[in-house]
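Right, one structure below, let's go through it.
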There are 2 protein chains.
Amino acid sequence: MKSLLIVCDGMSDRPIKELGWKTPLEAARKTSLNQIAKTGICGIMDLIAPGIPPGSDSATLALLGYDILKIYSGRGALEAIGSGVKVSPNDVAFRCNFATVNEKLVVLDRRAGRISNEDASKLVESLQRIKLETPSVRFLFKNTIQHRAVLVIHGPKLSTAVSDSDPEKIGEKVLEIKPLDTSLEAQHTAKILSELVHKFHEVLKKHPINKQRVKRKLLPANFILCRGAGVIPKIRPLSELYGIKAACIAATSLIKGVCKVAGMKLIYVKNATGTPQTDFLAKAKAAVQALKTFDFVLLHVKATDVSSHDGNIQQKVEMIEKIDNMVSYILNNMDLDSNYLAITADHTTSLVTGNHEGDPVPIAIAGPYVRSDDVEKFDERSCAKGGLHRIRGTDLMPTLMSLLGKTKKFGT
Amino acid sequence: MKSLLIVCDGMSDRPIKELGWKTPLEAARKTSLNQIAKTGICGIMDLIAPGIPPGSDSATLALLGYDILKIYSGRGALEAIGSGVKVSPNDVAFRCNFATVNEKLVVLDRRAGRISNEDASKLVESLQRIKLETPSVRFLFKNTIQHRAVLVIHGPKLSTAVSDSDPEKIGEKVLEIKPLDTSLEAQHTAKILSELVHKFHEVLKKHPINKQRVKRKLLPANFILCRGAGVIPKIRPLSELYGIKAACIAATSLIKGVCKVAGMKLIYVKNATGTPQTDFLAKAKAAVQALKTFDFVLLHVKATDVSSHDGNIQQKVEMIEKIDNMVSYILNNMDLDSNYLAITADHTTSLVTGNHEGDPVPIAIAGPYVRSDDVEKFDERSCAKGGLHRIRGTDLMPTLMSLLGKTKKFGT
């Protein structure tokens with residue numbers, strides 16, 4: 001018996017006026033999602049706890065069964081690992097943006113005009129040559145997609161207790177990097193990061209690529225904004241916890257990083273982009289294929305979250321309908337007499353606020369031995385009447401693994 | 001006001017094909033169980049947490065309100081106490097089996113042909129005379145029923161962190177006893193247990209009883225398999241926690257041990273055997289009688305679990321119908337205008353897998369001041385729609401005690 005878990009990023013929402021006070025899930029045509037709810041057991045789920053908006057990192061760790069309140073150790077390292085960068089235990093990693101600042105270090109654009117991969121790569125070549133004053137410390141700086149990059153600091157006595165330099169708003173000054181506790185490690189790390197950011201700026205502001213960009217009427221990428229200091233969380237892989245072979249199909253670095261840390265195999269799918277233009281069907285096909293080899297497959301779809309953050313109501317409904325089409329393929333090609341299919345969201349993202357919110361998400365599990373309930377539709381309010389009631393994010397994995405016969409008894 | 005809690009071991013199950021995708025509880029005729037659901041408040045309950053299969057020891061401790069994740073200390077001591085053996089604090093106790101091994105220590109039968117109480121008692125006489133090399137350490141070895149026995153080790157600096165010698169499979173070699181952590185105590189205990197098991201074997205293999213057994217074409221009981229190292233959990237008795245007089249009616253040693261550790265009086269019932277042939281009515285009569293003296297009575301029925309582990313569908317349904325008959329007597333002889341009657345299971349045992357599973361169990365409570373709900377049937381899916389929603393095992397005792405006016409306010 002195998003289990004496929006489909007996680008639709010930010011798909012859960014609140015009722016909104018423009019949809020006649022329905023949620024996007026309630027408004028969308030979604031025969032296949034309803035089919036899972038109809039044949040399965042449904043409920044609602046607080047990824048962390050009621051009212052607490054989860055990040056995509058903590059939500060995914062919780063979905064994989066990890067006690068996020070105990071093991072969360074920042075986003076940076078997960079993002080870096082997901083981008084294919086090697087991060088060793090105790091390395092401190094950051095998410096970075098190429099940005100444009102003026103001479104007073106006020107942020108003019110947080111994405112340096114969404115700089116091309118090509119330009120960014122050339123700038124990185126120069127940045128990576130910088131020498132730090134502390135010889136025992138090394139760093140790796142790598143661009144990923146467009147303006148995005150990761151920074152990994154390697155050396156003794158580092159800490160994640162350092163503040164971000166990214167003000168996360170246009171028109172505000174770059175923030176000074178400060179230690180967030182009184183430890184020597186935090187002071188040391190803040191000093192190194194400040195030094196790096198300063199040296200990056202010195203190199204970038206006179207870099208030929210940026211001079212060319214200005215000539216081409218493009219914004220110069222003259223500053224590196226850093227945030228989300230993180231180390232690899234100390235967790236045991238799923239193979240060890242449940243004795244399973246697990247795989248992940250996801251386009252976004254963060255989700256890939258989380259899954260890699262959990263010991264899951266990352267499956268590459270061509271044209272899976274993490275955007276509304278992603279190839280939904282290719283992902284569905286890859287998931288069905290993966291179930292032949294793996295006991296547990298996580299299929300992550302980012303598109304719903306993108307529409308939510310953009311406040312694009314029609315696009316969010318459309319993305320749900322595309323997901324429904326993807327699930328239709330899965331239902332037609334997966335044997336639910338001997339396998340389990342679960343669908344949920346990693347958090348509620350409100351079309352109104354554009355933010356992750358603390359409302360629970362709907363969850364449905366179909367398969368041979370679930371105690372099916374009366375729920376007929378997969379949406380926030382229908383699922384709230386289901387047989388699973390209201391569970392926590394960390395309850396899902398034991399629930400699925402118990403159906404697969406993979407959980408260990410507590411006591412004898 | 002008094003409260004009777006009926007715990008039917010492993011009664012909860014998953015829907016199964018042979019019963020038209022009903023659970024045994026859904027398929028059984030059970031007018032009296034339904035009567036409790038109809039007049040009472042219902043819900044589902046995770047003994048430990050969603051998806052975590054509980055052992056019978058941890059489940060019963062949870063049902064009595066103890067925080068199992070904090071206090072669980074192994075099964076051996078509970079089993080020993082329930083068998084009437086004295087166990088002092090810090091004694092380490094084990095569940096043991098008389099078994100048959102060949103000269104290479106490969107297990108031929110884990111139960112030594114289900115050796116008779118008589119033969120086992122004679123062997124124990126010789127085993128108890130063995131002297132240990134460490135004079136400060138003493139042991140007590142006692143047979144209970146057939147091949148079953150308990151071993152209690154008494155002395156300074158003992159630990160439960162030792163592995164089992166029981167491979168729990170026929171055709172496999174007896175396991176070497178190893179310390180499970182690096183403490184001196186664990187090493188010391190492993191050494192003593194190894195010495196004992198070796199000396200037991202030396203005595204047993206040339207014992208006249210075993211020579212006779214071989215002549216009678218019976219399997220010789222030439223080895224003692226040990227498992228489940230445990231000490232008495234450090235818990236406060238129910239009398240102290242709630243100011244109640246509590247009693248237990250159970251046939252199995254483990255449940256008796258748990259209840260004794262919780263300070264409950266054990267009530268002996270003739271012909272209550274812990275098997276499908278148990279005298280259900282005698283237990284019901286004893287429970288009704290006990291309510292005259294005790295504030296809280298736990299009535300435990302093992303038969304449903306036996307059928308489940310054996311995968312015997314018809315027998316499980318039949319056992320539920322016998323329990324229904326038992327409950328009918330109780331309903332006719334207990335005043336529910338002034339007392340509370342609760343019924344539940346200690347865990348889900350699947351007829352398909354034969355194992356304890358992590359699915360929640362149904363629970364119903366009837367009595368004068370419960371907020372009765374719309375549920376009309378006592379089964380897994382009906383109860384899931386009840387007014388108790390989904391609670392944890394440790395929530396039940398405070399819920400019952402609150403109805404009896406026995407819980408202490410938290411805060412002022």
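Naming scheme: A, B, ... for chains in displayed order of the structure tokens; residues 1 onward per chain; ligands 1 onward as shown.
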Would you pick out the contacts of range 190-205 of chain B at 6 Å or less, using only C-alpha atoms, so that residues sharing its chain but fewer than 2 positions from it are not included, and give the list as a tab-separated table (two decimals) with N, CA and C atoms, in the first residue's frame?
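Full text of part-v1.tsv as output:
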```
chain	number	residue	atom	x	y	z
B	162	VAL	N	17.33	-2.42	28.66
B	162	VAL	CA	17.95	-3.66	28.16
B	162	VAL	C	17.03	-4.27	27.11
B	177	ILE	N	20.95	-10.48	24.93
B	177	ILE	CA	20.46	-9.34	25.72
B	177	ILE	C	21.54	-8.27	25.76
B	178	LYS	N	21.14	-7.06	25.35
B	178	LYS	CA	22.13	-5.97	25.26
B	178	LYS	C	21.65	-4.74	26.02
B	179	PRO	N	22.60	-3.94	26.55
B	179	PRO	CA	22.19	-2.66	27.14
B	179	PRO	C	21.70	-1.74	26.02
B	187	GLN	N	24.24	-1.67	31.50
B	187	GLN	CA	25.22	-2.75	31.30
B	187	GLN	C	25.10	-3.81	32.39
B	188	HIS	N	24.97	-3.32	33.63
B	188	HIS	CA	24.83	-4.17	34.80
B	188	HIS	C	23.57	-5.06	34.67
B	207	HIS	N	16.38	-30.94	33.11
B	207	HIS	CA	15.40	-31.11	34.19
B	207	HIS	C	14.53	-32.36	33.96
B	222	ASN	N	12.55	-25.65	27.63
B	222	ASN	CA	13.97	-25.59	27.96
B	222	ASN	C	14.60	-24.20	27.87
B	223	PHE	N	13.76	-23.19	27.69
B	223	PHE	CA	14.31	-21.84	27.61
B	223	PHE	C	13.30	-20.83	28.14
```
Every residue of range 126-347 of chain B that DSSP places in strand (DSSP E), as number ranges by chain: B: 138-143, 148-154, 223-230, 246-249, 265-266, 296-301, 339-345
Only N, CA and C atoms, please: the residues just picked out, written as a CSV table (one decimal), in the first residue's frame.
```csv
chain,number,residue,atom,x,y,z
B,138,ARG,N,18.8,-9.9,43.9
B,138,ARG,CA,18.0,-11.1,44.0
B,138,ARG,C,16.9,-11.1,42.9
B,139,PHE,N,16.3,-12.2,42.6
B,139,PHE,CA,15.3,-12.3,41.6
B,139,PHE,C,14.1,-13.1,42.1
B,140,LEU,N,13.0,-12.9,41.4
B,140,LEU,CA,11.8,-13.7,41.7
B,140,LEU,C,11.3,-14.1,40.3
B,141,PHE,N,11.1,-15.4,40.1
B,141,PHE,CA,10.6,-15.9,38.9
B,141,PHE,C,9.3,-16.7,39.2
B,142,LYS,N,8.2,-16.3,38.5
B,142,LYS,CA,7.0,-16.9,38.8
B,142,LYS,C,6.2,-17.2,37.5
B,143,ASN,N,5.7,-18.5,37.4
B,143,ASN,CA,4.8,-18.7,36.3
B,143,ASN,C,3.4,-18.3,36.6
B,148,ARG,N,3.2,-18.7,30.4
B,148,ARG,CA,3.5,-17.3,30.8
B,148,ARG,C,4.1,-17.3,32.2
B,149,ALA,N,5.1,-16.3,32.3
B,149,ALA,CA,5.7,-16.1,33.6
B,149,ALA,C,6.2,-14.7,33.7
B,150,VAL,N,6.6,-14.3,34.9
B,150,VAL,CA,7.2,-13.0,35.1
B,150,VAL,C,8.5,-13.1,35.9
B,151,LEU,N,9.4,-12.2,35.6
B,151,LEU,CA,10.7,-12.2,36.3
B,151,LEU,C,10.9,-10.8,36.9
B,152,VAL,N,11.2,-10.8,38.2
B,152,VAL,CA,11.4,-9.5,38.8
B,152,VAL,C,12.9,-9.5,39.4
B,153,ILE,N,13.6,-8.5,39.0
B,153,ILE,CA,15.0,-8.4,39.5
B,153,ILE,C,15.1,-7.2,40.5
B,154,HIS,N,15.6,-7.5,41.7
B,154,HIS,CA,15.7,-6.6,42.8
B,154,HIS,C,17.1,-6.3,43.2
B,223,PHE,N,13.8,-23.2,27.7
B,223,PHE,CA,14.3,-21.8,27.6
B,223,PHE,C,13.3,-20.8,28.1
B,224,ILE,N,13.8,-19.7,28.8
B,224,ILE,CA,12.9,-18.7,29.2
B,224,ILE,C,13.2,-17.4,28.4
B,225,LEU,N,12.2,-17.0,27.6
B,225,LEU,CA,12.3,-15.8,26.8
B,225,LEU,C,11.8,-14.6,27.6
B,226,CYS,N,12.6,-13.5,27.5
B,226,CYS,CA,12.2,-12.3,28.3
B,226,CYS,C,11.9,-11.1,27.4
B,227,ARG,N,11.0,-10.3,27.8
B,227,ARG,CA,10.8,-9.0,27.0
B,227,ARG,C,10.0,-8.0,27.9
B,228,GLY,N,10.0,-6.8,27.4
B,228,GLY,CA,9.2,-5.7,28.0
B,228,GLY,C,9.7,-5.3,29.4
B,229,ALA,N,11.0,-5.0,29.5
B,229,ALA,CA,11.6,-4.5,30.8
B,229,ALA,C,10.8,-3.3,31.3
B,230,GLY,N,10.4,-3.4,32.6
B,230,GLY,CA,9.6,-2.2,33.1
B,230,GLY,C,9.8,-2.1,34.6
B,246,ALA,N,-11.9,3.6,43.9
B,246,ALA,CA,-12.0,3.1,42.5
B,246,ALA,C,-11.7,1.6,42.5
B,247,ALA,N,-12.4,0.9,41.6
B,247,ALA,CA,-12.2,-0.6,41.5
B,247,ALA,C,-12.1,-1.0,40.1
B,248,CYS,N,-11.6,-2.2,39.9
B,248,CYS,CA,-11.4,-2.7,38.5
B,248,CYS,C,-11.9,-4.1,38.4
B,249,ILE,N,-12.6,-4.5,37.3
B,249,ILE,CA,-12.9,-5.8,37.1
B,249,ILE,C,-12.3,-6.2,35.7
B,265,LYS,N,-9.0,-1.0,43.6
B,265,LYS,CA,-9.2,-2.3,44.2
B,265,LYS,C,-9.5,-3.3,43.0
B,266,LEU,N,-8.9,-4.5,43.1
B,266,LEU,CA,-9.1,-5.5,42.0
B,266,LEU,C,-10.2,-6.4,42.5
B,296,PHE,N,-16.0,4.8,41.3
B,296,PHE,CA,-15.6,4.6,39.9
B,296,PHE,C,-15.2,3.1,39.7
B,297,VAL,N,-15.8,2.5,38.7
B,297,VAL,CA,-15.5,1.1,38.4
B,297,VAL,C,-15.1,1.0,36.9
B,298,LEU,N,-14.0,0.4,36.7
B,298,LEU,CA,-13.6,0.1,35.3
B,298,LEU,C,-13.8,-1.4,35.0
B,299,LEU,N,-14.7,-1.6,34.0
B,299,LEU,CA,-15.0,-3.0,33.7
B,299,LEU,C,-14.3,-3.3,32.3
B,300,HIS,N,-13.3,-4.2,32.3
B,300,HIS,CA,-12.6,-4.5,31.1
B,300,HIS,C,-12.9,-5.8,30.5
B,301,VAL,N,-13.2,-5.8,29.2
B,301,VAL,CA,-13.5,-7.1,28.5
B,301,VAL,C,-12.4,-7.3,27.4
B,339,ASN,N,-26.3,8.1,38.1
B,339,ASN,CA,-25.0,7.6,37.8
B,339,ASN,C,-24.6,7.7,36.4
B,340,TYR,N,-23.4,7.6,36.1
B,340,TYR,CA,-22.9,7.7,34.7
B,340,TYR,C,-22.3,6.4,34.2
B,341,LEU,N,-22.7,6.1,33.0
B,341,LEU,CA,-22.2,4.9,32.3
B,341,LEU,C,-21.4,5.3,31.0
B,342,ALA,N,-20.2,4.9,30.9
B,342,ALA,CA,-19.4,5.2,29.7
B,342,ALA,C,-18.9,3.9,29.1
B,343,ILE,N,-18.9,3.9,27.8
B,343,ILE,CA,-18.3,2.8,27.1
B,343,ILE,C,-17.4,3.2,26.0
B,344,THR,N,-16.3,2.5,25.8
B,344,THR,CA,-15.3,2.8,24.8
B,344,THR,C,-14.4,1.6,24.5
B,345,ALA,N,-13.4,1.8,23.7
B,345,ALA,CA,-12.4,0.7,23.5
B,345,ALA,C,-11.1,1.3,23.8
```
Check: which chain A residues lie within 6 Å of chain B using only C-alpha atoms, as a ChimeraX atom specification: /A:369,387,395,398-399,402,409-412
Atomic distance CA of Asn333 in chain B - CA of Lys316 in chain B, expressed in Å with one decimal: 25.8 Å
Using only C-alpha atoms: which of B:Leu281, B:Ala62, B:Ala27, B:Ala250 has the shortest distance to Lys322 in chain B: B:Leu281
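Between CA of Gln315 in chain A and CA of Asp379 in chain A the interatomic distance comes to 17.3 Å.
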Range 256-262 of chain A environment, 6 Å, only C-alpha atoms, sequence neighbours closer than 6 positions dropped, as a PyMOL selection string: chain A and resi 78-79+81-82+237-238
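Closest approach to Met45 in chain B from the set B:Ser12, B:Thr293, B:Ser83, B:Ser253 is made by B:Ser12, with distances taken over only C-alpha atoms.
Candidate residues B:Leu219, B:Leu47, B:Val231, B:Ala161 were compared for distance to Leu180 in chain B, and the nearest is B:Ala161, using only C-alpha atoms.
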